[in-house]
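Engineer: File coords.txt below, compact mmCIF, C-alpha atoms:
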```txt
# COMPACT_ATOMS: atom_id res chain seq x y z
CA MET A 221 92.39 -13.00 -41.40
CA MET A 222 90.46 -9.74 -41.46
CA PRO A 223 89.10 -8.84 -37.97
CA ASN A 224 85.32 -8.87 -37.66
CA ARG A 225 83.37 -5.69 -36.93
CA ARG A 226 83.18 -6.39 -33.22
CA GLN A 227 86.97 -6.78 -33.02
CA LEU A 228 87.44 -3.53 -34.91
CA LEU A 229 85.07 -1.75 -32.57
CA ALA A 230 86.62 -3.26 -29.45
CA ALA A 231 90.07 -2.22 -30.67
CA GLY A 232 88.98 1.40 -30.82
CA ALA A 233 87.38 1.63 -34.24
CA ALA A 234 84.23 3.10 -32.69
CA ALA A 235 85.89 6.47 -32.30
CA PRO A 236 86.77 6.87 -36.00
CA LEU A 237 83.36 5.57 -36.96
CA LEU A 238 81.82 8.41 -34.99
CA ALA A 239 84.38 10.94 -36.16
CA GLY A 240 83.31 11.06 -39.81
CA ALA A 241 82.83 9.23 -43.07
CA GLY A 242 86.52 9.38 -44.10
CA ALA A 243 87.73 7.74 -40.90
CA ALA A 244 84.84 5.30 -41.01
CA ARG A 245 85.90 4.00 -44.42
CA ALA A 246 89.25 3.05 -42.92
CA ALA A 247 87.47 0.99 -40.27
CA ASP A 248 84.90 -0.60 -42.59
CA PRO A 249 85.55 -0.44 -46.36
CA GLU A 250 81.92 -1.45 -47.01
CA LEU A 251 80.91 2.13 -46.26
CA SER A 252 82.48 3.25 -49.52
CA ALA A 253 79.60 1.64 -51.42
CA LEU A 254 77.14 4.12 -49.90
CA ARG A 255 76.37 7.30 -51.83
CA ASP A 256 75.12 10.70 -50.71
CA MET A 257 71.33 10.70 -50.98
CA THR A 258 70.89 14.40 -50.20
CA ALA A 259 72.56 16.12 -53.14
CA ALA A 260 69.21 17.16 -54.60
CA ALA A 261 67.78 18.41 -51.29
CA CYS A 262 66.72 22.05 -51.70
CA PRO A 263 67.44 24.39 -48.78
CA ILE A 264 64.75 26.77 -47.57
CA ASP A 265 64.86 29.76 -49.91
CA ALA A 266 64.22 33.48 -49.55
CA ALA A 267 60.63 33.26 -50.75
CA GLU A 268 59.84 30.59 -48.17
CA ARG A 269 61.30 32.69 -45.36
CA ALA A 270 59.41 35.77 -46.53
CA GLY A 271 56.22 33.72 -46.40
CA ARG A 272 56.98 32.68 -42.83
CA LEU A 273 57.40 36.27 -41.71
CA ALA A 274 54.21 37.30 -43.50
CA ARG A 275 52.31 34.50 -41.75
CA ALA A 276 53.78 35.51 -38.39
CA ARG A 277 52.73 39.13 -38.91
CA ALA A 278 49.19 38.08 -39.85
CA LEU A 279 48.94 36.01 -36.67
CA MET A 280 50.37 38.91 -34.62
CA ARG A 281 47.65 41.17 -35.93
CA THR A 282 45.04 38.57 -35.01
CA GLN A 283 46.48 38.29 -31.50
CA GLY A 284 46.95 42.05 -31.09
CA LEU A 285 50.74 41.79 -30.67
CA GLY A 286 53.19 44.50 -31.65
CA ALA A 287 56.17 42.12 -31.87
CA VAL A 288 57.43 38.64 -31.10
CA ILE A 289 60.80 37.88 -29.46
CA VAL A 290 62.72 34.65 -30.08
CA GLU A 291 66.22 33.77 -28.94
CA ALA A 292 68.92 31.63 -30.54
CA GLY A 293 67.60 28.21 -31.47
CA SER A 294 65.30 26.54 -33.94
CA SER A 295 62.69 29.32 -34.04
CA MET A 296 65.35 31.92 -34.81
CA SER A 297 66.64 29.69 -37.59
CA TYR A 298 63.08 29.17 -38.83
CA PHE A 299 62.27 32.86 -39.16
CA THR A 300 65.66 34.42 -39.95
CA GLY A 301 68.07 31.68 -40.98
CA VAL A 302 70.43 32.60 -38.14
CA ARG A 303 71.97 29.44 -36.67
CA TRP A 304 73.36 30.30 -33.29
CA GLY A 305 73.85 28.66 -29.91
CA ARG A 306 72.52 29.79 -26.55
CA SER A 307 74.80 31.21 -23.90
CA GLU A 308 74.69 33.76 -21.10
CA ARG A 309 75.09 36.45 -23.83
CA PRO A 310 71.68 36.71 -25.53
CA THR A 311 71.24 36.85 -29.28
CA LEU A 312 67.64 37.78 -30.04
CA ALA A 313 65.38 38.19 -33.04
CA VAL A 314 62.70 40.87 -32.66
CA ILE A 315 59.97 40.34 -35.25
CA PRO A 316 57.71 43.41 -35.46
CA VAL A 317 54.16 43.35 -36.74
CA GLN A 318 55.33 45.49 -39.65
CA GLY A 319 58.73 46.11 -41.20
CA GLN A 320 61.96 44.17 -41.09
CA PRO A 321 63.00 42.14 -38.07
CA CYS A 322 65.95 43.11 -35.91
CA ILE A 323 68.75 40.84 -34.73
CA VAL A 324 70.22 41.88 -31.38
CA THR A 325 73.63 40.33 -30.73
CA PRO A 326 76.91 41.00 -28.90
CA PHE A 327 79.22 43.37 -30.79
CA PHE A 328 81.98 40.82 -31.25
CA GLU A 329 79.53 38.17 -32.53
CA GLU A 330 77.97 40.32 -35.26
CA PRO A 331 80.17 39.13 -38.18
CA SER A 332 79.53 35.47 -37.31
CA VAL A 333 75.79 35.98 -36.83
CA ARG A 334 75.52 37.69 -40.22
CA GLU A 335 76.99 34.60 -41.92
CA THR A 336 73.68 32.73 -41.67
CA LEU A 337 71.23 35.66 -41.67
CA ALA A 338 68.89 34.84 -44.56
CA VAL A 339 66.28 37.64 -44.47
CA PRO A 340 66.49 41.42 -44.79
CA ALA A 341 66.96 42.61 -41.22
CA GLU A 342 68.45 45.34 -39.12
CA VAL A 343 71.28 44.22 -36.84
CA ARG A 344 71.80 46.06 -33.55
CA ILE A 345 74.70 45.24 -31.27
CA TRP A 346 75.31 45.47 -27.55
CA GLN A 347 78.65 45.79 -25.77
CA GLU A 348 79.87 43.71 -22.84
CA ASP A 349 79.10 46.53 -20.42
CA GLY A 350 75.66 47.05 -21.95
CA SER A 351 72.39 45.15 -22.22
CA ALA A 352 70.70 43.21 -25.02
CA PHE A 353 67.38 44.02 -23.37
CA THR A 354 67.90 47.77 -23.54
CA VAL A 355 68.84 47.48 -27.22
CA ALA A 356 65.78 45.35 -28.04
CA ALA A 357 63.48 47.74 -26.17
CA GLY A 358 65.07 50.65 -28.03
CA PHE A 359 64.28 49.02 -31.36
CA LEU A 360 60.64 48.63 -30.37
CA ARG A 361 60.43 52.24 -29.24
CA ASP A 362 61.98 53.40 -32.51
CA ARG A 363 59.29 51.43 -34.37
CA GLY A 364 56.52 52.89 -32.20
CA LEU A 365 55.69 49.46 -30.78
CA ALA A 366 56.90 49.73 -27.20
CA ALA A 367 53.40 50.35 -25.85
CA ARG A 368 51.85 47.35 -27.62
CA PRO A 369 51.85 43.80 -26.21
CA VAL A 370 55.06 41.91 -26.95
CA GLY A 371 54.99 38.12 -27.22
CA VAL A 372 57.86 35.85 -26.20
CA GLU A 373 58.49 32.41 -27.71
CA GLU A 374 57.92 29.62 -25.17
CA THR A 375 61.52 28.35 -24.99
CA VAL A 376 63.05 31.77 -24.26
CA ARG A 377 64.88 31.55 -20.94
CA PHE A 378 63.50 33.32 -17.90
CA PHE A 379 66.38 35.77 -17.46
CA ILE A 380 65.75 37.01 -21.00
CA SER A 381 61.99 37.44 -20.72
CA ASP A 382 62.45 39.00 -17.28
CA GLY A 383 65.13 41.40 -18.54
CA LEU A 384 63.05 42.41 -21.54
CA GLY A 385 60.03 42.96 -19.34
CA GLN A 386 62.01 45.26 -17.07
CA ALA A 387 63.44 47.18 -20.03
CA LEU A 388 59.93 47.69 -21.41
CA GLY A 389 58.38 48.34 -18.01
CA ARG A 390 55.77 45.59 -18.29
CA ARG A 391 55.18 41.88 -18.45
CA LEU A 392 55.55 40.04 -21.76
CA VAL A 393 52.89 37.65 -23.05
CA SER A 394 52.96 34.26 -24.77
CA ALA A 395 53.76 34.11 -28.47
CA ASN A 396 52.62 30.49 -28.80
CA GLN A 397 49.71 31.31 -31.08
CA VAL A 398 52.14 32.96 -33.49
CA VAL A 399 55.21 30.71 -33.37
CA ARG A 400 53.30 27.46 -33.09
CA GLY A 401 50.81 28.71 -35.65
CA CYS A 402 53.65 29.02 -38.15
CA ARG A 403 55.91 26.10 -37.25
CA MET A 404 53.29 23.39 -36.70
CA ILE A 405 52.11 23.60 -40.32
CA LYS A 406 54.87 22.38 -42.61
CA THR A 407 55.13 23.56 -46.20
CA PRO A 408 55.96 21.30 -49.16
CA ALA A 409 59.59 22.47 -48.94
CA GLU A 410 59.81 21.43 -45.30
CA LEU A 411 58.09 18.10 -45.94
CA ALA A 412 60.56 17.35 -48.73
CA LEU A 413 63.52 17.86 -46.38
CA MET A 414 61.92 15.69 -43.71
CA GLN A 415 61.35 13.01 -46.34
CA ALA A 416 64.99 13.20 -47.39
CA ALA A 417 66.12 12.81 -43.76
CA THR A 418 63.83 9.82 -43.31
CA ASP A 419 65.09 8.20 -46.51
CA VAL A 420 68.66 8.52 -45.22
CA THR A 421 67.74 6.95 -41.89
CA ILE A 422 65.99 3.99 -43.50
CA ALA A 423 68.94 3.43 -45.87
CA ALA A 424 71.36 3.59 -42.93
CA TYR A 425 69.24 1.04 -41.04
CA ARG A 426 69.30 -1.31 -44.00
CA TRP A 427 73.09 -1.07 -44.18
CA THR A 428 73.55 -1.51 -40.42
CA TYR A 429 71.11 -4.36 -39.78
CA PRO A 430 73.06 -7.21 -41.43
CA ARG A 431 76.27 -6.00 -39.75
CA VAL A 432 75.01 -6.43 -36.19
CA GLU A 433 77.03 -9.21 -34.56
CA ALA A 434 76.99 -11.16 -31.31
CA GLY A 435 78.96 -9.40 -28.57
CA MET A 436 78.35 -5.86 -29.83
CA THR A 437 77.16 -3.28 -27.34
CA GLY A 438 74.57 -0.61 -28.02
CA PRO A 439 77.26 2.04 -28.69
CA ASP A 440 78.97 -0.36 -31.11
CA VAL A 441 75.82 -0.69 -33.19
CA ALA A 442 75.13 3.05 -32.91
CA ALA A 443 78.61 3.78 -34.28
CA LEU A 444 77.85 1.77 -37.40
CA MET A 445 74.49 3.51 -37.82
CA ASN A 446 76.00 6.97 -37.45
CA ALA A 447 78.81 6.20 -39.88
CA ALA A 448 76.33 5.04 -42.51
CA THR A 449 74.12 8.08 -41.92
CA ARG A 450 77.05 10.45 -42.55
CA GLN A 451 78.11 8.57 -45.66
CA LEU A 452 74.55 8.84 -46.99
CA GLY A 453 74.56 12.63 -46.51
CA GLY A 454 72.67 13.02 -43.23
CA SER A 455 73.86 14.63 -40.01
CA PRO A 456 73.30 12.11 -37.19
CA GLU A 457 71.18 13.48 -34.34
CA PHE A 458 70.90 10.40 -32.15
CA ALA A 459 71.33 6.63 -32.31
CA LEU A 460 69.90 4.88 -29.27
CA VAL A 461 70.42 1.11 -29.29
CA LEU A 462 68.86 -0.91 -26.45
CA ILE A 463 69.58 -4.61 -26.07
CA GLY A 464 67.68 -7.25 -24.11
CA GLU A 465 66.26 -6.03 -20.81
CA ALA A 466 67.38 -2.45 -21.58
CA ALA A 467 64.69 -2.33 -24.27
CA ALA A 468 62.08 -2.53 -21.49
CA TYR A 469 63.00 1.05 -20.50
CA PRO A 470 62.15 3.58 -23.26
CA HIS A 471 65.46 5.47 -22.94
CA GLY A 472 67.56 2.54 -21.80
CA SER A 473 69.76 1.65 -18.86
CA ARG A 474 73.27 2.48 -17.67
CA GLU A 475 74.14 -1.21 -17.62
CA VAL A 476 76.15 -2.62 -20.53
CA HIS A 477 74.18 -5.14 -22.58
CA ARG A 478 75.58 -7.14 -25.48
CA VAL A 479 73.92 -8.63 -28.53
CA ALA A 480 73.30 -12.35 -28.06
CA PRO A 481 71.05 -14.98 -29.64
CA GLY A 482 67.42 -14.49 -28.71
CA GLN A 483 67.93 -10.93 -27.50
CA VAL A 484 65.70 -8.03 -28.53
CA VAL A 485 67.54 -5.13 -30.21
CA LEU A 486 65.63 -1.84 -30.16
CA MET A 487 67.08 0.97 -32.30
CA ASP A 488 65.81 4.56 -32.18
CA CYS A 489 67.72 6.72 -34.68
CA GLY A 490 67.41 9.99 -36.54
CA CYS A 491 69.32 12.56 -38.56
CA THR A 492 68.90 15.98 -40.10
CA VAL A 493 68.98 17.18 -43.69
CA GLN A 494 69.20 20.97 -44.02
CA GLY A 495 68.17 21.13 -40.36
CA TYR A 496 65.00 19.02 -40.67
CA GLN A 497 64.77 15.83 -38.67
CA SER A 498 63.86 12.18 -39.01
CA ASP A 499 62.96 9.82 -36.16
CA VAL A 500 62.56 6.09 -36.85
CA SER A 501 62.59 3.15 -34.43
CA ARG A 502 62.88 -0.53 -35.24
CA THR A 503 62.89 -3.59 -33.00
CA PHE A 504 64.21 -6.99 -34.07
CA VAL A 505 65.50 -10.14 -32.45
CA PHE A 506 69.05 -11.34 -32.97
CA GLY A 507 68.65 -14.97 -33.95
CA THR A 508 65.38 -16.77 -33.27
CA ALA A 509 62.50 -14.90 -31.65
CA SER A 510 60.38 -16.43 -28.93
CA ARG A 511 56.62 -16.71 -29.23
CA GLU A 512 56.21 -13.93 -26.64
CA GLN A 513 58.57 -11.61 -28.51
CA ARG A 514 56.64 -12.18 -31.73
CA THR A 515 53.30 -11.59 -30.03
CA VAL A 516 54.38 -8.30 -28.46
CA TRP A 517 55.98 -7.14 -31.72
CA GLU A 518 52.76 -7.81 -33.63
CA GLN A 519 50.71 -6.01 -30.96
CA VAL A 520 52.91 -2.92 -31.30
CA ALA A 521 52.64 -3.07 -35.09
CA GLN A 522 48.86 -3.08 -34.72
CA GLY A 523 49.13 -0.23 -32.21
CA GLN A 524 50.88 1.84 -34.88
CA ARG A 525 48.07 1.10 -37.30
CA VAL A 526 45.44 2.04 -34.71
CA ALA A 527 47.14 5.41 -34.16
CA PHE A 528 47.48 6.05 -37.89
CA ALA A 529 43.80 5.29 -38.50
CA ALA A 530 42.74 7.59 -35.66
CA ALA A 531 44.75 10.54 -37.01
CA GLN A 532 42.20 12.37 -39.14
CA ILE A 533 41.75 16.04 -40.03
CA GLY A 534 39.93 17.90 -37.25
CA THR A 535 40.40 15.16 -34.66
CA PRO A 536 41.90 16.38 -31.35
CA ALA A 537 45.50 15.17 -31.15
CA GLY A 538 44.85 13.49 -27.81
CA ASN A 539 42.25 11.20 -29.37
CA VAL A 540 45.03 9.35 -31.20
CA ASP A 541 46.65 8.45 -27.88
CA ASP A 542 43.25 7.46 -26.46
CA ALA A 543 42.62 5.04 -29.33
CA VAL A 544 45.92 3.25 -28.78
CA ARG A 545 45.37 2.93 -25.02
CA ARG A 546 41.91 1.46 -25.55
CA TYR A 547 43.41 -1.15 -27.84
CA TYR A 548 46.25 -2.01 -25.46
CA ALA A 549 43.86 -2.18 -22.50
CA SER A 550 41.78 -4.72 -24.45
CA LEU A 551 44.90 -6.90 -24.55
CA GLY A 552 45.43 -6.63 -20.80
CA TYR A 553 48.12 -3.92 -20.74
CA GLY A 554 48.08 -0.87 -18.50
CA PRO A 555 45.59 0.55 -18.02
CA ASP A 556 46.52 4.11 -18.82
CA TYR A 557 50.29 4.70 -18.52
CA ARG A 558 50.97 1.76 -16.21
CA LEU A 559 53.39 -1.07 -16.92
CA PRO A 560 53.53 -3.51 -18.51
CA GLY A 561 52.16 -1.35 -21.28
CA LEU A 562 52.73 2.01 -22.92
CA SER A 563 54.30 4.40 -20.40
CA HIS A 564 54.85 7.38 -22.72
CA ARG A 565 52.77 9.40 -25.19
CA THR A 566 51.89 7.82 -28.52
CA GLY A 567 53.77 10.46 -30.50
CA HIS A 568 55.29 13.93 -30.68
CA GLY A 569 55.47 16.72 -33.19
CA ILE A 570 58.62 16.88 -35.32
CA GLY A 571 60.30 19.28 -37.73
CA LEU A 572 63.36 21.44 -37.11
CA ASP A 573 63.32 19.98 -33.60
CA GLY A 574 63.06 16.29 -32.90
CA HIS A 575 60.28 17.03 -30.41
CA GLU A 576 57.94 19.91 -31.25
CA PRO A 577 54.45 20.91 -30.18
CA VAL A 578 51.95 19.39 -30.20
CA ASN A 579 52.00 15.81 -28.88
CA LEU A 580 49.75 12.82 -29.43
CA VAL A 581 48.99 12.57 -25.72
CA ARG A 582 45.89 12.34 -23.56
CA GLY A 583 44.11 15.64 -23.13
CA GLU A 584 45.72 17.47 -26.07
CA MET A 585 42.80 19.20 -27.76
CA THR A 586 44.60 20.81 -30.71
CA PRO A 587 42.79 19.61 -33.84
CA LEU A 588 44.88 17.84 -36.45
CA ALA A 589 45.40 19.92 -39.59
CA ALA A 590 47.09 19.47 -42.95
CA GLY A 591 50.83 20.04 -42.67
CA MET A 592 51.21 18.82 -39.08
CA CYS A 593 53.88 16.16 -38.58
CA PHE A 594 54.07 13.51 -35.84
CA SER A 595 55.87 10.40 -34.73
CA ASP A 596 53.77 7.26 -34.28
CA GLU A 597 55.51 5.15 -31.60
CA PRO A 598 53.15 3.26 -29.31
CA GLY A 599 55.75 0.97 -27.70
CA LEU A 600 55.06 -1.81 -25.23
CA TYR A 601 57.44 -2.29 -22.29
CA LEU A 602 57.70 -5.33 -20.03
CA PRO A 603 60.01 -4.37 -17.12
CA GLY A 604 62.73 -6.91 -16.38
CA ARG A 605 62.19 -8.68 -19.71
CA PHE A 606 62.18 -6.64 -22.91
CA GLY A 607 60.37 -3.92 -24.83
CA VAL A 608 59.27 -3.30 -28.40
CA ARG A 609 59.03 0.09 -30.11
CA LEU A 610 58.22 0.71 -33.74
CA GLU A 611 58.30 4.35 -34.75
CA ASP A 612 57.51 5.98 -38.06
CA CYS A 613 56.58 9.59 -38.69
CA PHE A 614 53.64 10.83 -40.71
CA HIS A 615 52.31 14.16 -41.93
CA MET A 616 48.71 15.20 -42.24
CA THR A 617 47.22 15.85 -45.68
CA PRO A 618 43.68 17.02 -46.47
CA GLU A 619 42.85 13.35 -47.12
CA GLY A 620 44.41 12.09 -43.87
CA PRO A 621 47.81 10.93 -42.64
CA ARG A 622 50.69 9.95 -44.95
CA TRP A 623 53.81 8.07 -43.86
CA PHE A 624 57.34 9.40 -44.27
CA SER A 625 58.48 5.80 -43.82
CA GLU A 626 56.37 2.67 -44.20
CA PRO A 627 56.13 0.62 -41.00
CA PRO A 628 57.52 -2.91 -41.16
CA ARG A 629 55.07 -5.76 -41.62
CA LEU A 630 57.13 -8.62 -40.21
CA LEU A 631 59.48 -9.03 -37.24
CA ASP A 632 61.81 -11.04 -39.47
CA ALA A 633 61.94 -8.24 -42.08
CA PRO A 634 62.17 -5.08 -39.93
CA PHE A 635 63.40 -2.95 -42.83
CA GLY A 636 61.22 -4.31 -45.62
```
Just give me the structure of the file as structure tokens.
Structural biologist:
Amino acid sequence: MMPNRRQLLAAGAAAPLLAGAGAARAADPELSALRDMTAAACPIDAAERAGRLARARALMRTQGLGAVIVEAGSSMSYFTGVRWGRSERPTLAVIPVQGQPCIVTPFFEEPSVRETLAVPAEVRIWQEDGSAFTVAAGFLRDRGLAARPVGVEETVRFFISDGLGQALGRRLVSANQVVRGCRMIKTPAELALMQAATDVTIAAYRWTYPRVEAGMTGPDVAALMNAATRQLGGSPEFALVLIGEAAAYPHGSREVHRVAPGQVVLMDCGCTVQGYQSDVSRTFVFGTASREQRTVWEQVAQGQRVAFAAAQIGTPAGNVDDAVRRYYASLGYGPDYRLPGLSHRTGHGIGLDGHEPVNLVRGEMTPLAAGMCFSDEPGLYLPGRFGVRLEDCFHMTPEGPRWFSEPPRLLDAPFG
């Protein structure tokens, strides 16, 4: 007799499932029926990147900045294509208000950094006994920009901004108006990649859902989800699976919970396609749902609809969160962020990062504009019992919000 999926996982099949699609097929031949959905996904091209730099320069002129500094991470990838990790050895991109940007990197890393550089740029190196900050300041002086205000991207680490400030002899300023001004507004090319990532995640959910069995743990289910995501062409970013009482805590519990009849299963999963992310949550009940579980699920589904309806062009982002909390308070939850109720923001920005500015949270006054992308996830959490979260992302159009994935209509059909 063929072992069931739980037996395979318990015997150590979870590791190959997580290791890659080839190993996963050995553990579950059903994966071989899945096909890559991302073959037609178009990477960000040279014209798109040139447009990003032009937009950044226009915003720099508006803000009176001579240059913007970003370090390795999503903003560097966004503007230059360079995909690099952060360490104690800084790799920086200096984007001047005119002319080509400059990549500042350790001497021995230059060949590797150039492999993903996707825009015309000067590359300046620093040696182990030297300083990236001195090199970056030298570039600005050579461009005649050292006396002008220099903006630093908000995630740049303190030792970098401090070192650059000392090398330039003055304090740096915020580059939020430039970097956020570019990254918050997604182009059609970016939206297409986010749609592709979402399509992969939904397809992986549909494959995983009927394969959830009694006795599985959260990591067991996550292994199946990740294996399907890889087979479908996505790069898994996260697969959080919360069972029973663990679903009452938005990011789970250290205790081991197993799937059993009548238990809530909350899945929060996402992947990337060409670097752009998806983020989709679904909650279902293994077996027969109780009346209370159905009621809370339907309340959360309505909460999603309330948020979606409130998200209109020009509306402050925080108003979306306010609308959901008013609705939940009318049902007796909260009030505010208290439990039982909604203890986290209604949604977050999304793009190259899973969480990007700005958030759908109380007090956020940034007006919604076409091209902005958000999650819509107004969960309800009942400590000691269970929680329900439904999450779908949307992007703003001139006519209003548009879903990347359609929310489910029924608890018994969580994936349509």
Engineer: Would you mind reading off the distance between atom CA of A:Pro577 and atom CA of A:Arg400, one decimal, in Å?
Structural biologist: 7.3 Å
Engineer: Show which residues sit within 7 Å of A:Ala387, as an mmCIF file with C-alpha atoms, in the coordinates of the input. Count all atoms listed in the file, and ignore same-chain residues fewer than 5 positions away.
Structural biologist:
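As a result, around15.cif now contains:
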```cif
data_model
loop_
_atom_site.group_PDB
_atom_site.id
_atom_site.type_symbol
_atom_site.label_atom_id
_atom_site.label_comp_id
_atom_site.auth_asym_id
_atom_site.auth_seq_id
_atom_site.Cartn_x
_atom_site.Cartn_y
_atom_site.Cartn_z
ATOM 1 C CA PHE A 353 67.380 44.020 -23.370
ATOM 2 C CA THR A 354 67.900 47.770 -23.540
ATOM 3 C CA ALA A 357 63.480 47.740 -26.170
#
```
Engineer: Determine the nearest neighbour of A:Gly293 from the options A:Glu373, A:Glu250, A:Asp541, A:Glu433, counting only C-alpha atoms.
Structural biologist: A:Glu373
Engineer: Between atom CA of A:Leu600 and atom CA of A:Leu559, what distance in Å does the model show, to one decimal?
Structural biologist: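 Interatomic distance, atom CA of A:Leu600 to atom CA of A:Leu559: 8.5 Å.
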Engineer: Using 9 Å as the limit and counting only C-alpha atoms, can you tabulate each residue of stretch 313-371 of chain A that touches stretch 253-274 of chain A, with its shortest atom-to-atom distance in Å and the two atoms involved, as JSON lines?
Structural biologist:
```
{"residue": "A:Ile315", "atom": "CA", "partner": "A:Leu273", "partner_atom": "CA", "distance": 8.1}
{"residue": "A:Pro321", "atom": "CA", "partner": "A:Leu273", "partner_atom": "CA", "distance": 8.9}
{"residue": "A:Ala338", "atom": "CA", "partner": "A:Ala266", "partner_atom": "CA", "distance": 7.0}
{"residue": "A:Val339", "atom": "CA", "partner": "A:Ala266", "partner_atom": "CA", "distance": 6.9}
```
Engineer: Within 12 Å of (58.4, 10.4, -46.5) (coordinates as in the file), grab all the protein and nucleic acid residues, counting all atoms listed in the file, and write them out as a compact mmCIF listing (two decimals) with C-alpha atoms, in the coordinates of the input.
Structural biologist:
```
# COMPACT_ATOMS: atom_id res chain seq x y z
CA PRO A 408 55.96 21.30 -49.16
CA GLU A 410 59.81 21.43 -45.30
CA LEU A 411 58.09 18.10 -45.94
CA ALA A 412 60.56 17.35 -48.73
CA LEU A 413 63.52 17.86 -46.38
CA MET A 414 61.92 15.69 -43.71
CA GLN A 415 61.35 13.01 -46.34
CA ALA A 416 64.99 13.20 -47.39
CA ALA A 417 66.12 12.81 -43.76
CA THR A 418 63.83 9.82 -43.31
CA ASP A 419 65.09 8.20 -46.51
CA VAL A 420 68.66 8.52 -45.22
CA THR A 421 67.74 6.95 -41.89
CA ILE A 422 65.99 3.99 -43.50
CA GLN A 497 64.77 15.83 -38.67
CA SER A 498 63.86 12.18 -39.01
CA ASP A 499 62.96 9.82 -36.16
CA VAL A 500 62.56 6.09 -36.85
CA CYS A 593 53.88 16.16 -38.58
CA PHE A 594 54.07 13.51 -35.84
CA ASP A 612 57.51 5.98 -38.06
CA CYS A 613 56.58 9.59 -38.69
CA PHE A 614 53.64 10.83 -40.71
CA HIS A 615 52.31 14.16 -41.93
CA MET A 616 48.71 15.20 -42.24
CA PRO A 621 47.81 10.93 -42.64
CA ARG A 622 50.69 9.95 -44.95
CA TRP A 623 53.81 8.07 -43.86
CA PHE A 624 57.34 9.40 -44.27
CA SER A 625 58.48 5.80 -43.82
CA GLU A 626 56.37 2.67 -44.20
CA PRO A 627 56.13 0.62 -41.00
```
Engineer: What does the distance between atom CA of A:Arg277 and atom CA of A:His568 come to in Å, to one decimal place?
Structural biologist: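 A separation of 26.6 Å between them.
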Engineer: Name the closest residue to A:Leu572 among the candidates A:Arg363, A:Arg368, A:Arg403, A:Arg281; distances are taken between atoms, counting only C-alpha atoms.
Structural biologist: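 Once distances to A:Leu572 are computed over only C-alpha atoms, the minimum belongs to A:Arg403.
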Engineer: Could you pull out every residue with an atom within 10 Å of (63.3, 24.5, -36.6), file coordinates, counting all atoms listed in the file, and send them as a list in words?
Structural biologist: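 Those residues, ordered by chain and then number, are Gly293, Ser294, Ser295, Met296, Ser297, Tyr298, Phe299, Gly301, Arg303, Arg403, Glu410, Gly495, Tyr496, Gln497, Ile570, Gly571, Leu572, Asp573, Gly574 and Glu576 of chain A.
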Engineer: Please provide as a ChimeraX atom specification all residues within 10 Å of A:Glu518, with the sequence filter that same-chain residues fewer than 6 positions apart are discarded (counting all atoms listed in the file).
Structural biologist: /A:512,524,608,629-631
Engineer: Looking at A:Gln513, A:Thr535, A:Thr617, A:Gln483, which one is nearest to A:Leu602, with distances taken over all atoms listed in the file?
Structural biologist: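 Answer, going by the shortest atom-to-atom distance: A:Gln513.
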Engineer: Env of A:Arg334: 12 Å cut, atoms = all atoms listed in the file, seq-sep filter 2 positions within chain, self excluded. Answer as a PyMOL selection string.
Structural biologist: chain A and resi 300-304+311+322-332+336-345
Engineer: Could you put an axis-aligned box around every listed atom of stretch 574-589 of chain A, padded by 3 Å on each side, and send me its centre and edge lengths in Å to one decimal, as JSON?
Structural biologist:
```
{"center_x": 52.9, "center_y": 16.6, "center_z": -31.4, "size_x": 26.3, "size_y": 14.6, "size_z": 22.5}
```
Engineer: For A:His477, list every protein, DNA or RNA residue within 8 Å, evaluated using only C-alpha atoms, and leave out those in the same chain fewer than 6 positions away; present the list as a ChimeraX atom specification.
Structural biologist: /A:437-438,462-464,466
Engineer: Considering all atoms listed in the file, state which residue in the set A:Pro560, A:Ser455, A:Leu460, A:Glu597 is at the smallest distance from A:Gly523.
Structural biologist: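 Checking each candidate against A:Gly523, we get A:Glu597 as the closest.
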Engineer: Could you please fill out stretch 461-468 of chain A with N, CA and C atoms and send it back as a PDB file, keeping the file's coordinate frame?
Structural biologist:
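The file below, selection_23.pdb, is the result:
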```
ATOM      1  N   VAL A 461      70.528   2.544 -29.033  1.00  0.00           N
ATOM      2  CA  VAL A 461      70.420   1.110 -29.290  1.00  0.00           C
ATOM      3  C   VAL A 461      70.300   0.391 -27.947  1.00  0.00           C
ATOM      4  N   LEU A 462      69.155  -0.247 -27.710  1.00  0.00           N
ATOM      5  CA  LEU A 462      68.860  -0.910 -26.450  1.00  0.00           C
ATOM      6  C   LEU A 462      68.761  -2.406 -26.689  1.00  0.00           C
ATOM      7  N   ILE A 463      69.463  -3.172 -25.857  1.00  0.00           N
ATOM      8  CA  ILE A 463      69.580  -4.610 -26.070  1.00  0.00           C
ATOM      9  C   ILE A 463      68.995  -5.358 -24.872  1.00  0.00           C
ATOM     10  N   GLY A 464      68.203  -6.394 -25.164  1.00  0.00           N
ATOM     11  CA  GLY A 464      67.680  -7.250 -24.110  1.00  0.00           C
ATOM     12  C   GLY A 464      66.802  -6.494 -23.140  1.00  0.00           C
ATOM     13  N   GLU A 465      67.078  -6.661 -21.837  1.00  0.00           N
ATOM     14  CA  GLU A 465      66.260  -6.030 -20.810  1.00  0.00           C
ATOM     15  C   GLU A 465      66.246  -4.516 -20.930  1.00  0.00           C
ATOM     16  N   ALA A 466      67.330  -3.912 -21.437  1.00  0.00           N
ATOM     17  CA  ALA A 466      67.380  -2.450 -21.580  1.00  0.00           C
ATOM     18  C   ALA A 466      66.263  -1.931 -22.457  1.00  0.00           C
ATOM     19  N   ALA A 467      65.774  -2.763 -23.385  1.00  0.00           N
ATOM     20  CA  ALA A 467      64.690  -2.330 -24.270  1.00  0.00           C
ATOM     21  C   ALA A 467      63.376  -2.169 -23.527  1.00  0.00           C
ATOM     22  N   ALA A 468      63.302  -2.680 -22.291  1.00  0.00           N
ATOM     23  CA  ALA A 468      62.080  -2.530 -21.490  1.00  0.00           C
ATOM     24  C   ALA A 468      61.945  -1.127 -20.921  1.00  0.00           C
TER      25      ALA A 468
END
```
